[in-house]
$ cat protein37.cif   # mmCIF, C-alpha atoms
data_upload
#
loop_
_atom_site.label_atom_id
_atom_site.label_comp_id
_atom_site.auth_asym_id
_atom_site.auth_seq_id
_atom_site.Cartn_x
_atom_site.Cartn_y
_atom_site.Cartn_z
CA MET X 1 0.00 0.00 0.00
CA GLU X 2 1.43 3.37 -0.97
CA ALA X 3 1.76 5.88 1.85
CA LEU X 4 -0.65 8.77 1.97
CA THR X 5 0.81 12.26 2.42
CA ARG X 6 -0.48 15.24 4.42
CA HIS X 7 1.04 18.70 4.90
CA ILE X 8 0.78 20.74 8.11
CA THR X 9 2.03 24.22 8.96
CA THR X 10 2.06 25.00 12.68
CA GLU X 11 3.96 26.54 15.56
CA LEU X 12 2.19 24.23 18.03
CA PRO X 13 3.46 20.79 19.06
CA ILE X 14 2.30 17.57 17.42
CA GLY X 15 0.95 14.99 19.88
CA VAL X 16 2.15 11.42 19.33
CA ILE X 17 0.44 8.45 20.97
CA SER X 18 0.57 4.72 20.42
CA ASP X 19 -0.54 1.37 21.74
CA THR X 20 -3.67 2.46 23.57
CA HIS X 21 -5.03 -1.12 23.29
CA GLY X 22 -8.60 -0.02 23.94
CA LEU X 23 -7.74 2.29 26.86
CA LEU X 24 -7.61 6.06 26.47
CA ARG X 25 -6.51 7.44 29.82
CA PRO X 26 -7.81 10.86 30.93
CA GLU X 27 -4.21 11.84 31.71
CA ALA X 28 -3.31 11.28 28.06
CA LEU X 29 -6.10 13.58 26.94
CA THR X 30 -4.90 16.28 29.32
CA MET X 31 -1.33 16.01 28.05
CA LEU X 32 -2.45 16.24 24.41
CA GLU X 33 -4.44 19.42 24.87
CA GLY X 34 -3.04 22.30 22.83
CA CYS X 35 -1.53 20.13 20.09
CA GLU X 36 -2.08 21.13 16.46
CA GLN X 37 -2.35 17.51 15.30
CA ILE X 38 -2.42 14.12 17.03
CA LEU X 39 -0.71 11.12 15.46
CA HIS X 40 -1.73 7.64 16.63
CA LEU X 41 0.90 5.07 15.69
CA GLY X 42 -1.27 1.98 15.82
CA ASP X 43 -2.75 -0.60 18.15
CA VAL X 44 -5.72 1.60 18.88
CA GLY X 45 -7.72 -1.48 19.88
CA CYS X 46 -9.33 -4.63 18.53
CA ARG X 47 -12.98 -4.13 19.54
CA ASP X 48 -15.66 -2.26 17.62
CA GLU X 49 -16.01 0.30 20.41
CA ASP X 50 -12.27 1.12 20.29
CA ALA X 51 -12.87 3.35 17.26
CA ALA X 52 -14.17 5.84 19.83
CA ILE X 53 -10.56 6.41 20.92
CA LEU X 54 -9.76 8.13 17.63
CA GLU X 55 -13.05 10.05 17.81
CA ARG X 56 -12.25 11.28 21.33
CA LEU X 57 -8.73 12.34 20.28
CA ALA X 58 -10.26 14.21 17.32
CA GLU X 59 -12.16 16.39 19.80
CA LEU X 60 -8.76 17.83 20.79
CA ALA X 61 -7.13 18.15 17.34
CA PRO X 62 -7.19 16.55 13.89
CA VAL X 63 -6.03 12.93 14.09
CA ALA X 64 -3.95 10.88 11.66
CA ALA X 65 -3.46 7.20 12.47
CA VAL X 66 -1.86 4.08 11.08
CA ARG X 67 -3.03 0.52 11.62
CA GLY X 68 -1.31 -1.67 14.18
CA ASN X 69 -1.17 -5.44 14.41
CA ILE X 70 -4.10 -5.64 16.87
CA ASP X 71 -6.28 -3.22 14.91
CA THR X 72 -8.44 -5.99 13.44
CA ALA X 73 -12.00 -4.64 13.82
CA SER X 74 -13.76 -3.62 10.62
CA TRP X 75 -13.34 0.14 11.31
CA ALA X 76 -9.54 -0.31 11.35
CA GLU X 77 -9.45 -1.49 7.74
CA ALA X 78 -9.68 2.17 6.71
CA LEU X 79 -6.40 2.97 8.52
CA PRO X 80 -3.32 2.93 6.28
CA LEU X 81 -0.30 0.81 7.19
CA THR X 82 1.97 3.81 6.67
CA LEU X 83 1.43 7.53 6.43
CA ASP X 84 3.72 10.38 5.40
CA ILE X 85 3.15 13.78 6.97
CA THR X 86 5.11 16.96 6.32
CA VAL X 87 5.18 19.44 9.21
CA ASN X 88 6.76 22.81 8.38
CA GLY X 89 8.87 21.07 5.74
CA TRP X 90 9.99 18.20 8.02
CA ARG X 91 9.05 14.79 6.58
CA LEU X 92 7.58 12.34 9.11
CA HIS X 93 6.94 8.70 8.23
CA LEU X 94 4.42 6.85 10.42
CA VAL X 95 4.46 3.07 10.75
CA HIS X 96 3.41 0.81 13.62
CA ILE X 97 6.22 -1.76 13.54
CA LEU X 98 9.68 -0.34 12.87
CA ARG X 99 10.87 -3.42 10.98
CA ASN X 100 8.18 -2.62 8.38
CA PHE X 101 9.90 0.70 7.60
CA ASP X 102 11.26 0.74 4.06
CA SER X 103 14.73 2.31 4.32
CA ALA X 104 14.28 3.72 0.80
CA THR X 105 11.57 6.04 2.17
CA SER X 106 12.67 9.66 2.05
CA CYS X 107 11.96 11.15 5.48
CA ASP X 108 13.50 13.03 8.39
CA ALA X 109 11.83 10.98 11.14
CA VAL X 110 10.32 7.54 11.52
CA LEU X 111 7.54 7.52 14.09
CA HIS X 112 6.67 4.03 15.29
CA GLY X 113 5.03 2.14 18.12
CA HIS X 114 4.54 -1.57 18.85
CA SER X 115 7.36 -2.21 21.34
CA HIS X 116 5.81 -0.07 24.12
CA LYS X 117 9.36 1.20 24.73
CA PRO X 118 9.84 4.97 24.46
CA ARG X 119 12.58 5.97 22.01
CA HIS X 120 14.02 9.28 20.90
CA GLU X 121 17.28 8.88 19.01
CA TRP X 122 18.95 9.92 15.79
CA GLN X 123 20.18 7.04 13.69
CA GLY X 124 21.29 6.99 10.06
CA GLY X 125 20.08 10.53 9.47
CA HIS X 126 16.57 9.79 10.81
CA LEU X 127 14.96 10.62 14.12
CA LEU X 128 13.55 7.33 15.42
CA PHE X 129 10.68 8.28 17.72
CA ASN X 130 8.47 5.88 19.65
CA PRO X 131 6.17 7.55 22.18
CA GLY X 132 5.87 4.28 24.11
CA ALA X 133 2.47 3.00 25.18
CA ALA X 134 -0.29 5.18 26.59
CA GLY X 135 -2.79 2.40 27.21
CA LYS X 136 -2.51 -0.82 29.15
CA ARG X 137 0.76 -1.40 30.99
CA ARG X 138 3.04 -4.07 29.55
CA PHE X 139 5.54 -5.67 31.88
CA ARG X 140 7.14 -2.85 33.89
CA LEU X 141 7.36 -0.38 31.03
CA PRO X 142 6.24 3.20 31.71
CA ILE X 143 2.98 4.69 30.46
CA THR X 144 4.03 7.46 28.05
CA LEU X 145 3.19 9.52 25.01
CA GLY X 146 5.18 12.06 23.02
CA LYS X 147 5.24 15.52 21.56
CA LEU X 148 7.16 16.73 18.52
CA TRP X 149 8.16 20.21 17.44
CA ALA X 150 9.21 20.75 13.83
CA ASP X 151 10.32 24.25 12.89
CA GLU X 152 13.26 26.35 11.75
CA ARG X 153 15.16 25.38 14.93
CA GLY X 154 14.98 21.71 14.04
CA LEU X 155 13.04 18.55 14.72
CA ARG X 156 12.71 17.89 18.43
CA GLY X 157 10.72 15.47 20.52
CA ALA X 158 9.87 14.76 24.12
CA ILE X 159 8.70 11.60 25.84
CA LEU X 160 6.11 12.45 28.50
CA HIS X 161 5.32 10.12 31.39
CA LEU X 162 1.65 10.07 32.31
CA PRO X 163 1.11 11.12 35.94
CA LEU X 164 -0.77 8.05 37.11
CA CYS X 165 -1.83 7.52 40.70
#
$ encode --input "protein37.cif" --output "structure tokens"
Amino acid sequence: MEALTRHITTELPIGVISDTHGLLRPEALTMLEGCEQILHLGDVGCRDEDAAILERLAELAPVAAVRGNIDTASWAEALPLTLDITVNGWRLHLVHILRNFDSATSCDAVLHGHSHKPRHEWQGGHLLFNPGAAGKRRFRLPITLGKLWADERGLRGAILHLPLC
């Protein structure tokens, strides 16, 4: 499937969330307030009612999402496997599982999920950014999401830990 492309111009941060697995925490919603766009990097959920997660996120900002390996309900068939977004000239490539990234893809950053492990590192000329998992806890991994800024100062990201009680 060929990647779709969208273009965004903004001074506001881009919210990045992944692996909600049917659970959209109120803390995640609070942390995503004020974002220009929200990117969901897959594994929204496998039940019919999990489509409501994307609808709820869309109440905060426009949402772009890719399909994850557990996104098997009929509504998820409309989600692309990859998505290319340009933010202020910075090229972002969205994919759920990093090993499915085609290294021939021209981009500045690869945004991915799946592992539930937060990642923010430059490698081979690309920013590899995984916001971690904002839904159900896996093992002892933290519950996190991310924000990206893409402007004349560069491409920068932050991993944010959800303040859970």
$ resolve_selection --input "protein37.cif" --expression "the PyMOL selection byres ((chain X and resi 19-23) around 7)" --output "ChimeraX atom specification"
/X:18,24-25,42-45,50,113-114,116,133-136
$ residues_around --input "protein37.cif" --residues "segment 93-99 of chain X" --least-positions-apart "4" --cutoff "7 Å" --atoms "all atoms listed in the file" --output "MDAnalysis selection string"
chainID X and resid 41:42 66:68 81:85 107 109:114
$ axis_aligned_box --input "protein37.cif" --around "segment 114-123 of chain X" --padding-each-side "8 Å" --output "lines of an AutoDock Vina configuration file"
center_x = 12.4
center_y = 3.9
center_z = 19.2
size_x = 31.6
size_y = 28.1
size_z = 27.0
$ resolve_selection --input "protein37.cif" --expression "the PyMOL selection byres ((chain X and resi 48) around 12)" --output "MDAnalysis selection string"
chainID X and resid 22 44:47 49:54 71:77
$ resolve_selection --input "protein37.cif" --expression "the PyMOL selection byres ((chain X and resi 58) around 12)" --output "tab-separated table (two decimals) with C-alpha atoms, keeping the file's coordinate frame"
chain	number	residue	atom	x	y	z
X	15	GLY	CA	0.95	14.99	19.88
X	29	LEU	CA	-6.10	13.58	26.94
X	32	LEU	CA	-2.45	16.24	24.41
X	33	GLU	CA	-4.44	19.42	24.87
X	35	CYS	CA	-1.53	20.13	20.09
X	36	GLU	CA	-2.08	21.13	16.46
X	37	GLN	CA	-2.35	17.51	15.30
X	38	ILE	CA	-2.42	14.12	17.03
X	39	LEU	CA	-0.71	11.12	15.46
X	40	HIS	CA	-1.73	7.64	16.63
X	51	ALA	CA	-12.87	3.35	17.26
X	52	ALA	CA	-14.17	5.84	19.83
X	53	ILE	CA	-10.56	6.41	20.92
X	54	LEU	CA	-9.76	8.13	17.63
X	55	GLU	CA	-13.05	10.05	17.81
X	56	ARG	CA	-12.25	11.28	21.33
X	57	LEU	CA	-8.73	12.34	20.28
X	59	GLU	CA	-12.16	16.39	19.80
X	60	LEU	CA	-8.76	17.83	20.79
X	61	ALA	CA	-7.13	18.15	17.34
X	62	PRO	CA	-7.19	16.55	13.89
X	63	VAL	CA	-6.03	12.93	14.09
X	64	ALA	CA	-3.95	10.88	11.66
X	65	ALA	CA	-3.46	7.20	12.47
$ closest_residue --input "protein37.cif" --among "X:Met31, X:Leu12, X:Leu128, X:Ile17" --to "Asn88 of chain X" --atoms "only C-alpha atoms"
X:Leu12
$ atom_distance --input "protein37.cif" --atom1 "atom CA of Leu127 of chain X" --atom2 "atom CA of Gly34 of chain X"
23.2 Å
$ closest_residue --input "protein37.cif" --among "X:His7, X:Leu145, X:Ala150, X:Leu79" --to "Pro163 of chain X" --atoms "all atoms listed in the file"
X:Leu145
$ closest_residue --input "protein37.cif" --among "X:Gly154, X:Pro13, X:Gly146, X:Pro80" --to "Asp108 of chain X" --atoms "only C-alpha atoms"
X:Gly154
$ atom_distance --input "protein37.cif" --atom1 "atom CA of Ile8 of chain X" --atom2 "atom CA of Val87 of chain X"
4.7 Å
$ decode --input "protein37.cif" --residues "segment 147-163 of chain X" --atoms "all heavy atoms" --output "CSV table (one decimal), in the first residue's frame"
chain,number,residue,atom,x,y,z
X,147,LYS,N,5.5,14.3,22.3
X,147,LYS,CA,5.2,15.5,21.6
X,147,LYS,C,6.4,15.8,20.7
X,147,LYS,O,7.6,15.5,21.0
X,147,LYS,CB,5.0,16.7,22.5
X,147,LYS,CG,3.7,16.6,23.2
X,147,LYS,CD,3.3,17.9,23.9
X,147,LYS,CE,2.0,17.8,24.6
X,147,LYS,NZ,1.7,19.0,25.4
X,148,LEU,N,6.1,16.3,19.5
X,148,LEU,CA,7.2,16.7,18.5
X,148,LEU,C,7.0,18.2,18.2
X,148,LEU,O,5.9,18.7,18.1
X,148,LEU,CB,7.0,15.9,17.2
X,148,LEU,CG,7.5,14.5,17.2
X,148,LEU,CD1,7.2,13.8,15.9
X,148,LEU,CD2,8.9,14.4,17.5
X,149,TRP,N,8.1,18.9,18.0
X,149,TRP,CA,8.2,20.2,17.4
X,149,TRP,C,9.0,20.2,16.2
X,149,TRP,O,10.1,19.6,16.2
X,149,TRP,CB,8.8,21.2,18.5
X,149,TRP,CG,7.9,21.4,19.7
X,149,TRP,CD1,7.1,22.4,19.9
X,149,TRP,CD2,7.9,20.5,20.8
X,149,TRP,NE1,6.5,22.3,21.1
X,149,TRP,CE2,7.0,21.1,21.7
X,149,TRP,CE3,8.5,19.4,21.2
X,149,TRP,CZ2,6.6,20.6,23.0
X,149,TRP,CZ3,8.2,18.8,22.4
X,149,TRP,CH2,7.3,19.4,23.3
X,150,ALA,N,8.5,20.8,15.1
X,150,ALA,CA,9.2,20.8,13.8
X,150,ALA,C,9.1,22.2,13.3
X,150,ALA,O,8.1,22.6,12.9
X,150,ALA,CB,8.5,19.8,12.9
X,151,ASP,N,10.3,22.9,13.3
X,151,ASP,CA,10.3,24.2,12.9
X,151,ASP,C,11.7,24.6,12.4
X,151,ASP,O,12.6,23.7,12.2
X,151,ASP,CB,9.8,25.2,14.0
X,151,ASP,CG,10.6,25.0,15.3
X,151,ASP,OD1,11.8,24.7,15.3
X,151,ASP,OD2,10.0,25.2,16.4
X,152,GLU,N,12.0,25.9,12.3
X,152,GLU,CA,13.3,26.4,11.8
X,152,GLU,C,14.4,26.0,12.7
X,152,GLU,O,15.6,26.0,12.3
X,152,GLU,CB,13.2,27.9,11.4
X,152,GLU,CG,13.1,28.8,12.7
X,152,GLU,CD,11.7,28.9,13.2
X,152,GLU,OE1,10.7,28.5,12.6
X,152,GLU,OE2,11.6,29.4,14.3
X,153,ARG,N,14.1,25.8,14.0
X,153,ARG,CA,15.2,25.4,14.9
X,153,ARG,C,15.5,23.9,14.9
X,153,ARG,O,16.5,23.5,15.4
X,153,ARG,CB,14.7,25.7,16.3
X,153,ARG,CG,14.6,27.2,16.5
X,153,ARG,CD,14.2,27.6,18.0
X,153,ARG,NE,13.2,26.7,18.5
X,153,ARG,CZ,12.6,26.8,19.7
X,153,ARG,NH1,13.0,27.8,20.4
X,153,ARG,NH2,11.7,26.0,20.0
X,154,GLY,N,14.7,23.1,14.2
X,154,GLY,CA,15.0,21.7,14.0
X,154,GLY,C,13.8,20.8,14.3
X,154,GLY,O,12.7,21.3,14.5
X,155,LEU,N,14.0,19.6,14.4
X,155,LEU,CA,13.0,18.6,14.7
X,155,LEU,C,13.4,18.0,16.1
X,155,LEU,O,14.5,17.5,16.3
X,155,LEU,CB,13.1,17.4,13.7
X,155,LEU,CG,12.1,16.3,13.7
X,155,LEU,CD1,10.7,16.9,13.7
X,155,LEU,CD2,12.3,15.3,12.6
X,156,ARG,N,12.4,18.3,17.0
X,156,ARG,CA,12.7,17.9,18.4
X,156,ARG,C,11.5,17.1,19.0
X,156,ARG,O,10.4,17.4,18.7
X,156,ARG,CB,12.9,19.1,19.3
X,156,ARG,CG,14.0,20.0,18.7
X,156,ARG,CD,14.1,21.4,19.3
X,156,ARG,NE,12.9,22.2,19.5
X,156,ARG,CZ,12.2,22.8,18.6
X,156,ARG,NH1,12.5,22.7,17.3
X,156,ARG,NH2,11.1,23.5,18.9
X,157,GLY,N,11.8,16.2,19.9
X,157,GLY,CA,10.7,15.5,20.5
X,157,GLY,C,10.9,15.4,22.0
X,157,GLY,O,12.0,15.6,22.5
X,158,ALA,N,9.8,15.0,22.7
X,158,ALA,CA,9.9,14.8,24.1
X,158,ALA,C,9.0,13.6,24.4
X,158,ALA,O,7.9,13.4,23.9
X,158,ALA,CB,9.4,16.0,24.9
X,159,ILE,N,9.5,12.7,25.3
X,159,ILE,CA,8.7,11.6,25.8
X,159,ILE,C,8.1,12.1,27.2
X,159,ILE,O,8.8,12.5,28.1
X,159,ILE,CB,9.6,10.3,26.1
X,159,ILE,CG1,10.3,9.9,24.8
X,159,ILE,CG2,8.8,9.2,26.7
X,159,ILE,CD1,9.4,9.4,23.7
X,160,LEU,N,6.8,12.0,27.3
X,160,LEU,CA,6.1,12.5,28.5
X,160,LEU,C,5.5,11.3,29.3
X,160,LEU,O,4.8,10.5,28.7
X,160,LEU,CB,5.0,13.4,28.1
X,160,LEU,CG,5.4,14.6,27.2
X,160,LEU,CD1,4.2,15.4,26.8
X,160,LEU,CD2,6.4,15.5,28.0
X,161,HIS,N,5.9,11.2,30.5
X,161,HIS,CA,5.3,10.1,31.4
X,161,HIS,C,4.0,10.6,31.9
X,161,HIS,O,3.9,11.7,32.5
X,161,HIS,CB,6.3,9.8,32.5
X,161,HIS,CG,7.5,9.2,32.0
X,161,HIS,ND1,7.8,7.8,32.2
X,161,HIS,CD2,8.6,9.6,31.3
X,161,HIS,CE1,9.0,7.5,31.7
X,161,HIS,NE2,9.5,8.6,31.1
X,162,LEU,N,3.0,9.7,31.8
X,162,LEU,CA,1.6,10.1,32.3
X,162,LEU,C,1.7,10.0,33.8
X,162,LEU,O,2.2,9.1,34.4
X,162,LEU,CB,0.6,9.1,31.8
X,162,LEU,CG,0.0,9.5,30.4
X,162,LEU,CD1,1.1,9.4,29.3
X,162,LEU,CD2,-1.2,8.7,30.0
X,163,PRO,N,1.1,11.1,34.5
X,163,PRO,CA,1.1,11.1,35.9
X,163,PRO,C,0.0,10.3,36.5
X,163,PRO,O,-1.1,10.8,36.8
X,163,PRO,CB,0.9,12.6,36.2
X,163,PRO,CG,0.1,13.1,35.0
X,163,PRO,CD,0.5,12.2,33.9
